[in-house]
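Visitor: Sharing work.txt (compact mmCIF, C-alpha atoms and all ligand atoms) below.
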```txt
# COMPACT_ATOMS: atom_id res chain seq x y z
CA MET A 256 -49.57 -19.05 -19.46
CA ASP A 257 -51.67 -16.06 -20.47
CA ILE A 258 -50.18 -12.71 -21.38
CA LEU A 259 -50.81 -11.17 -17.91
CA ALA A 260 -48.95 -14.01 -16.20
CA LYS A 261 -46.02 -13.57 -18.59
CA ILE A 262 -45.77 -9.81 -17.84
CA THR A 263 -45.96 -10.47 -14.10
CA ASP A 264 -43.24 -13.13 -14.38
CA LEU A 265 -41.01 -10.73 -16.35
CA MET A 266 -41.49 -8.00 -13.73
CA ASP A 267 -40.70 -10.48 -10.94
CA ARG A 268 -37.44 -11.48 -12.61
CA ALA A 269 -36.40 -7.85 -13.23
CA THR A 270 -37.14 -6.90 -9.62
CA GLU A 271 -35.24 -9.91 -8.29
CA ALA A 272 -32.19 -9.07 -10.44
CA GLY A 273 -32.25 -5.46 -9.20
CA VAL A 274 -32.55 -6.45 -5.55
CA ARG A 275 -29.71 -8.97 -5.90
CA GLY A 276 -27.52 -6.26 -7.45
CA VAL A 277 -28.16 -3.84 -4.57
CA ALA A 278 -27.61 -6.62 -1.99
CA HIS A 279 -24.30 -7.47 -3.66
CA LYS A 280 -23.08 -3.88 -3.51
CA THR A 281 -24.28 -3.19 0.02
CA GLY A 282 -23.82 -6.67 1.44
CA ARG A 283 -22.05 -7.58 4.65
CA ARG A 284 -18.76 -8.42 2.95
CA SER A 285 -18.53 -5.19 0.98
CA PHE A 286 -19.54 -3.25 4.12
CA LEU A 287 -16.71 -4.93 6.06
CA ALA A 288 -14.26 -4.27 3.23
CA ARG A 289 -15.15 -0.55 3.22
CA MET A 290 -14.95 -0.39 7.02
CA GLY A 291 -11.49 -2.01 6.89
CA GLY A 292 -10.28 0.52 4.30
CA GLY A 293 -11.59 3.37 6.42
CA LEU A 294 -9.90 2.06 9.55
CA VAL A 295 -6.52 1.63 7.79
CA GLY A 296 -6.84 5.16 6.35
CA ALA A 297 -7.67 6.60 9.78
CA ALA A 298 -4.71 4.77 11.35
CA LEU A 299 -2.31 6.21 8.74
CA MET A 300 -3.57 9.79 9.06
CA PRO A 301 -1.34 10.79 12.02
CA VAL A 302 1.87 9.67 10.21
CA LEU A 303 1.20 11.56 6.97
CA PRO A 304 3.24 14.76 6.69
CA TYR A 305 1.25 17.97 6.80
CA ASP A 306 1.70 21.54 7.95
CA ARG A 307 0.80 21.26 11.63
CA THR A 308 0.98 25.04 11.95
CA PHE A 309 -1.84 25.28 9.38
CA GLY A 310 0.02 28.12 7.64
CA THR A 311 0.25 30.25 10.77
CA ALA A 312 4.06 29.93 10.92
CA PHE A 313 4.32 31.71 7.58
CA ALA A 314 1.65 34.27 8.48
CA ALA A 315 3.18 35.00 11.88
CA THR A 316 6.69 35.72 10.55
CA GLY A 317 5.52 37.53 7.40
CA GLU A 318 8.38 35.90 5.48
CA ASP A 319 8.73 36.73 1.78
CA GLU A 320 11.06 34.49 -0.21
CA TYR A 321 11.36 37.18 -2.92
CA ALA A 322 12.83 39.72 -0.46
CA CYS A 323 16.48 39.95 0.59
CA ASP A 324 15.58 39.70 4.29
CA TYR A 325 13.95 36.25 3.93
CA TRP A 326 15.55 34.15 6.72
CA ARG A 327 17.23 31.68 4.38
CA TYR A 328 19.18 34.46 2.65
CA CYS A 329 20.93 35.60 5.85
CA ALA A 330 24.37 35.26 4.20
CA LEU A 331 23.41 35.48 0.52
CA ASP A 332 25.43 37.85 -1.62
CA GLY A 333 23.83 37.98 -5.07
CA ASN A 334 20.63 37.94 -7.16
CA LEU A 335 17.69 35.77 -6.11
CA CYS A 336 17.17 32.94 -8.62
CA ASN A 337 13.45 32.68 -7.84
CA SER A 338 13.07 36.17 -9.35
CA CYS A 339 15.02 35.12 -12.44
CA GLY A 340 13.02 32.14 -13.74
CA GLY A 341 14.41 29.61 -11.25
CA THR A 342 13.30 28.70 -7.74
CA LEU A 343 14.68 29.01 -4.22
CA THR A 344 16.78 25.90 -4.89
CA GLU A 345 16.95 25.49 -8.68
CA CYS A 346 18.89 27.46 -11.26
CA PRO A 347 16.97 29.15 -14.08
CA PRO A 348 16.95 27.33 -17.45
CA GLY A 349 20.19 27.83 -19.39
CA SER A 350 22.36 28.25 -16.27
CA GLU A 351 24.12 25.61 -14.21
CA THR A 352 24.86 25.22 -10.49
CA SER A 353 28.30 26.27 -9.30
CA LYS A 354 30.63 23.44 -8.37
CA VAL A 355 31.70 25.28 -5.20
CA SER A 356 29.56 27.31 -2.79
CA TRP A 357 29.51 29.31 0.40
CA VAL A 358 27.69 27.82 3.39
CA GLY A 359 25.99 30.09 5.92
CA THR A 360 24.07 29.41 9.14
CA CYS A 361 20.61 30.99 9.33
CA ARG A 362 17.89 30.85 12.01
CA ASN A 363 14.41 29.87 10.82
CA PRO A 364 11.99 32.14 12.73
CA SER A 365 9.13 29.63 12.49
CA ASP A 366 10.93 26.90 14.50
CA GLY A 367 13.86 28.81 16.10
CA LYS A 368 16.38 26.30 14.68
CA ASP A 369 19.67 27.13 12.93
CA TYR A 370 20.07 25.69 9.43
CA LEU A 371 23.14 25.27 7.22
CA VAL A 372 22.38 26.93 3.89
CA SER A 373 24.47 26.37 0.78
CA TYR A 374 24.58 29.43 -1.49
CA ASN A 375 25.32 28.14 -4.96
CA ASP A 376 25.72 30.57 -7.80
CA CYS A 377 24.04 29.76 -11.11
CA CYS A 378 26.56 30.06 -13.92
CA GLY A 379 26.77 30.42 -17.68
CA ARG A 380 24.42 33.34 -18.26
CA THR A 381 24.77 37.09 -17.84
CA ALA A 382 23.75 38.63 -14.50
CA CYS A 383 20.00 38.49 -13.91
CA ASP A 384 18.59 42.01 -13.73
CA ASN A 385 15.13 41.00 -12.51
CA SER A 386 16.15 40.73 -8.86
CA PRO A 387 17.65 43.12 -6.29
CA PHE A 388 21.30 42.32 -5.57
CA CYS A 389 21.10 41.07 -1.98
CA ASN A 390 24.00 41.58 0.38
CA GLN A 391 23.26 39.73 3.62
CA ASN A 392 26.23 38.87 5.77
CA VAL A 393 25.37 36.89 8.92
CA GLY A 394 28.55 35.06 9.96
CA GLU A 395 30.56 36.49 7.07
CA ARG A 396 34.07 37.92 7.58
CA PRO A 397 36.24 40.32 5.53
CA GLY A 398 38.03 39.13 2.39
CA TYR A 399 41.37 38.53 4.12
CA ARG A 400 39.71 35.78 6.23
CA MET A 401 39.89 33.20 3.45
CA GLY A 402 36.88 30.90 3.34
CA LEU A 403 34.73 33.17 5.52
CA HIS A 404 34.04 35.77 2.84
CA ASN A 405 30.91 35.52 0.68
CA ASP A 406 31.47 38.34 -1.83
CA ILE A 407 32.89 35.95 -4.42
CA ASN A 408 31.82 34.58 -7.80
CA TRP A 409 31.36 30.88 -7.01
CA CYS A 410 31.26 30.05 -10.72
CA MET A 411 35.07 30.11 -10.61
CA ALA A 412 35.34 26.31 -10.89
CA ASN A 413 32.77 25.97 -13.68
CA THR A 414 33.59 25.91 -17.38
CA SER A 415 31.29 28.85 -17.99
CA GLN A 416 32.04 31.42 -15.27
CA GLY A 417 29.43 34.10 -16.01
CA TYR A 418 27.42 34.81 -12.85
CA HIS A 419 23.60 34.80 -13.17
CA CYS A 420 21.99 34.41 -9.70
CA THR A 421 22.21 32.51 -6.41
CA VAL A 422 20.10 29.71 -4.91
CA ALA A 423 19.78 28.90 -1.19
CA VAL A 424 19.70 25.15 -0.49
CA LEU A 425 19.18 23.76 3.02
CA VAL A 426 21.90 21.19 3.70
CA GLY A 427 21.44 20.45 7.39
CA ILE A 428 20.59 21.61 10.89
CA ALA A 429 23.37 23.27 12.85
CA GLU A 430 24.04 21.44 16.16
N1 LIG B 1 28.21 35.04 -5.22
C1 LIG B 1 27.67 36.03 -6.01
C2 LIG B 1 28.65 37.02 -6.52
C3 LIG B 1 29.02 36.98 -7.82
C4 LIG B 1 29.93 37.88 -8.30
C5 LIG B 1 30.50 38.80 -7.45
C6 LIG B 1 30.11 38.83 -6.13
C7 LIG B 1 29.18 37.95 -5.66
```
As a first step, turn the structure in this file into structure tokens.

Guide:
Amino acid sequence: MDILAKITDLMDRATEAGVRGVAHKTGRRSFLARMGGGLVGAALMPVLPYDRTFGTAFAATGEDEYACDYWRYCALDGNLCNSCGGTLTECPPGSETSKVSWVGTCRNPSDGKDYLVSYNDCCGRTACDNSPFCNQNVGERPGYRMGLHNDINWCMANTSQGYHCTVAVLVGIAE
């Protein structure tokens, strides 16, 4: 075989290997596999949770979870933990959740439903001064109506009773 024939043979082999590689990647089986994956993904799409209001519920109500008039705080008497290094539902570092709490019923303006909200105080630190002291009283009654009054330090049953702030945890839908 002369040198020209050898070069041609080499080029033939390289081309064949390349074409086989492409055929393998874009072959019928891999096409069907990708189609199958796509179909399963498309079938699952409707059951995945997502904000079906596309953010308009929040925009429409203008709710601000750092303000005392946020719907979930309708019966919250205390400092907002999300302004004190915690979140809406979690105590700031160094404080612990109260063992007892006050439960209010608040209407969520974005779906019109009434929710049970547990107001737990966060205990074991001095009062947080980075938040306004909120005093919202939907459904609350004067102090002589035991159990219906929210102006109480709920850290009373904890070892460390210093009051820091209050979280608002959704615990159910009111029937
Ligand atoms: N639940 C908050 C709180 C703490 C101390 C006094 C009144 C209210």

Visitor: Quick one: distance from CA of Leu425 (chain A) to CA of Cys361 (chain A) in Å, one decimal?

Guide: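 According to the coordinates, CA of Leu425 (chain A) and CA of Cys361 (chain A) are separated by 9.7 Å.
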
Visitor: Let me have all residues with an atom within 6 Å of ligand LIG 1 (chain B), counting all atoms listed in the file, laid out as a PDB file with C-alpha atoms, keeping the file's coordinate frame.

Guide:
```
ATOM      1  CA  ASP A 332      25.430  37.850  -1.620  1.00  0.00           C
ATOM      2  CA  GLY A 333      23.830  37.980  -5.070  1.00  0.00           C
ATOM      3  CA  ASP A 376      25.720  30.570  -7.800  1.00  0.00           C
ATOM      4  CA  ASP A 406      31.470  38.340  -1.830  1.00  0.00           C
ATOM      5  CA  ILE A 407      32.890  35.950  -4.420  1.00  0.00           C
ATOM      6  CA  ASN A 408      31.820  34.580  -7.800  1.00  0.00           C
ATOM      7  CA  TRP A 409      31.360  30.880  -7.010  1.00  0.00           C
ATOM      8  CA  TYR A 418      27.420  34.810 -12.850  1.00  0.00           C
TER       9      TYR A 418
END
```

Visitor: Smallest atom-to-atom distance to Pro364 (chain A): which of A:Ala260, A:Leu403, A:Cys410, A:Cys329, using all atoms listed in the file?

Guide: A:Cys329

Visitor: Using all atoms listed in the file, pick whichever of A:Ser350, A:Asn334, A:Ser365, A:Leu343 has the shortest atom-to-atom distance to Glu318 (chain A).

Guide: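 When distances to Glu318 (chain A) are compared using all atoms listed in the file, the smallest one comes from A:Ser365.
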
Visitor: Nearest to Asn392 (chain A) among A:Thr421, A:Thr360, A:Thr316, A:Ser415, with distances taken over all atoms listed in the file: which residue is it?

Guide: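 So, comparing all the options, the nearest one is A:Thr360.
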
Visitor: Find the distance between CA of Gly417 (chain A) and CA of Gln391 (chain A) and write it in Å to one decimal.

Guide: 21.3 Å

Visitor: Just give me the gap between CA of Gly340 (chain A) and CA of Val355 (chain A) in Å, one decimal is fine.

Guide: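 Value for the CA of Gly340 (chain A)-CA of Val355 (chain A) distance: 21.7 Å.
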
Visitor: May I have the protein, DNA and RNA residues with any atom at most 12 Å from the point (22.7, 35.3, -20.5), counting only C-alpha atoms, written as a CSV table (one decimal) with C-alpha atoms, keeping the file's coordinate frame?

Guide:
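out.csv, freshly written:
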```csv
chain,number,residue,atom,x,y,z
A,339,CYS,CA,15.0,35.1,-12.4
A,347,PRO,CA,17.0,29.2,-14.1
A,348,PRO,CA,17.0,27.3,-17.4
A,349,GLY,CA,20.2,27.8,-19.4
A,350,SER,CA,22.4,28.2,-16.3
A,351,GLU,CA,24.1,25.6,-14.2
A,377,CYS,CA,24.0,29.8,-11.1
A,378,CYS,CA,26.6,30.1,-13.9
A,379,GLY,CA,26.8,30.4,-17.7
A,380,ARG,CA,24.4,33.3,-18.3
A,381,THR,CA,24.8,37.1,-17.8
A,382,ALA,CA,23.8,38.6,-14.5
A,383,CYS,CA,20.0,38.5,-13.9
A,384,ASP,CA,18.6,42.0,-13.7
A,415,SER,CA,31.3,28.8,-18.0
A,416,GLN,CA,32.0,31.4,-15.3
A,417,GLY,CA,29.4,34.1,-16.0
A,418,TYR,CA,27.4,34.8,-12.8
A,419,HIS,CA,23.6,34.8,-13.2
A,420,CYS,CA,22.0,34.4,-9.7
```

Visitor: Between A:Thr342, A:Gly367, A:Arg268, A:Ser353, which has the minimum distance to Ala412 (chain A) (counting all atoms listed in the file)?

Guide: A:Ser353

Visitor: Using only C-alpha atoms, which residue out of A:Tyr399, A:Tyr370, A:Phe388, A:Trp357 lies closest to Cys336 (chain A)?

Guide: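 For Cys336 (chain A), the nearest of the candidates is A:Phe388.
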
Visitor: Can you patch up region 371-382 of chain A, filling it in to all heavy atoms, and show the result as a short mmCIF file (atom, residue, chain, number, x, y, z; two decimals), keeping the file's coordinate frame?

Guide:
```cif
data_model
loop_
_atom_site.label_atom_id
_atom_site.label_comp_id
_atom_site.auth_asym_id
_atom_site.auth_seq_id
_atom_site.Cartn_x
_atom_site.Cartn_y
_atom_site.Cartn_z
N LEU A 371 22.01 25.03 8.13
CA LEU A 371 23.14 25.27 7.22
C LEU A 371 22.55 25.48 5.83
O LEU A 371 21.77 24.66 5.36
CB LEU A 371 24.08 24.06 7.20
CG LEU A 371 24.74 23.71 8.53
CD1 LEU A 371 25.58 22.46 8.39
CD2 LEU A 371 25.59 24.87 9.03
N VAL A 372 22.92 26.60 5.21
CA VAL A 372 22.38 26.93 3.89
C VAL A 372 23.52 27.06 2.90
O VAL A 372 24.47 27.82 3.12
CB VAL A 372 21.60 28.26 3.93
CG1 VAL A 372 20.89 28.50 2.61
CG2 VAL A 372 20.61 28.29 5.08
N SER A 373 23.45 26.28 1.82
CA SER A 373 24.47 26.37 0.78
C SER A 373 24.03 27.38 -0.27
O SER A 373 22.96 27.25 -0.86
CB SER A 373 24.65 24.98 0.14
OG SER A 373 25.56 25.07 -0.93
N TYR A 374 24.87 28.42 -0.46
CA TYR A 374 24.58 29.43 -1.49
C TYR A 374 25.37 29.08 -2.74
O TYR A 374 26.58 29.30 -2.81
CB TYR A 374 24.96 30.83 -0.99
CG TYR A 374 24.18 31.21 0.25
CD1 TYR A 374 24.80 31.28 1.48
CD2 TYR A 374 22.81 31.45 0.18
CE1 TYR A 374 24.09 31.59 2.63
CE2 TYR A 374 22.08 31.77 1.33
CZ TYR A 374 22.73 31.83 2.53
OH TYR A 374 22.01 32.13 3.66
N ASN A 375 24.68 28.48 -3.69
CA ASN A 375 25.32 28.14 -4.96
C ASN A 375 24.99 29.20 -5.99
O ASN A 375 23.82 29.57 -6.14
CB ASN A 375 24.81 26.78 -5.46
CG ASN A 375 25.38 25.63 -4.67
OD1 ASN A 375 24.90 25.34 -3.58
ND2 ASN A 375 26.39 24.97 -5.22
N ASP A 376 25.99 29.65 -6.69
CA ASP A 376 25.72 30.57 -7.80
C ASP A 376 25.27 29.75 -9.01
O ASP A 376 25.63 28.59 -9.16
CB ASP A 376 26.99 31.35 -8.14
CG ASP A 376 27.30 32.39 -7.08
OD1 ASP A 376 26.41 32.69 -6.26
OD2 ASP A 376 28.44 32.91 -7.06
N CYS A 377 24.46 30.39 -9.86
CA CYS A 377 24.04 29.76 -11.11
C CYS A 377 24.85 30.41 -12.22
O CYS A 377 24.91 31.65 -12.32
CB CYS A 377 22.54 29.91 -11.32
SG CYS A 377 21.63 28.99 -10.07
N CYS A 378 25.50 29.58 -13.02
CA CYS A 378 26.56 30.06 -13.92
C CYS A 378 26.20 29.85 -15.39
O CYS A 378 25.38 29.00 -15.73
CB CYS A 378 27.84 29.28 -13.62
SG CYS A 378 28.15 29.04 -11.86
N GLY A 379 26.89 30.64 -16.24
CA GLY A 379 26.77 30.42 -17.68
C GLY A 379 25.80 31.35 -18.37
O GLY A 379 25.52 31.17 -19.56
N ARG A 380 25.27 32.32 -17.64
CA ARG A 380 24.42 33.34 -18.26
C ARG A 380 24.84 34.70 -17.70
O ARG A 380 25.46 34.78 -16.64
CB ARG A 380 22.94 33.09 -17.92
CG ARG A 380 22.31 31.97 -18.74
CD ARG A 380 20.85 31.79 -18.39
NE ARG A 380 20.05 32.98 -18.70
CZ ARG A 380 18.74 33.06 -18.51
NH1 ARG A 380 18.07 32.01 -18.05
NH2 ARG A 380 18.08 34.17 -18.80
N THR A 381 24.43 35.75 -18.36
CA THR A 381 24.77 37.09 -17.84
C THR A 381 23.97 37.35 -16.57
O THR A 381 22.96 36.68 -16.30
CB THR A 381 24.44 38.18 -18.88
OG1 THR A 381 23.07 38.01 -19.26
CG2 THR A 381 25.33 38.07 -20.10
N ALA A 382 24.40 38.34 -15.79
CA ALA A 382 23.75 38.63 -14.50
C ALA A 382 22.26 38.90 -14.69
O ALA A 382 21.87 39.62 -15.61
CB ALA A 382 24.43 39.82 -13.84
#
```
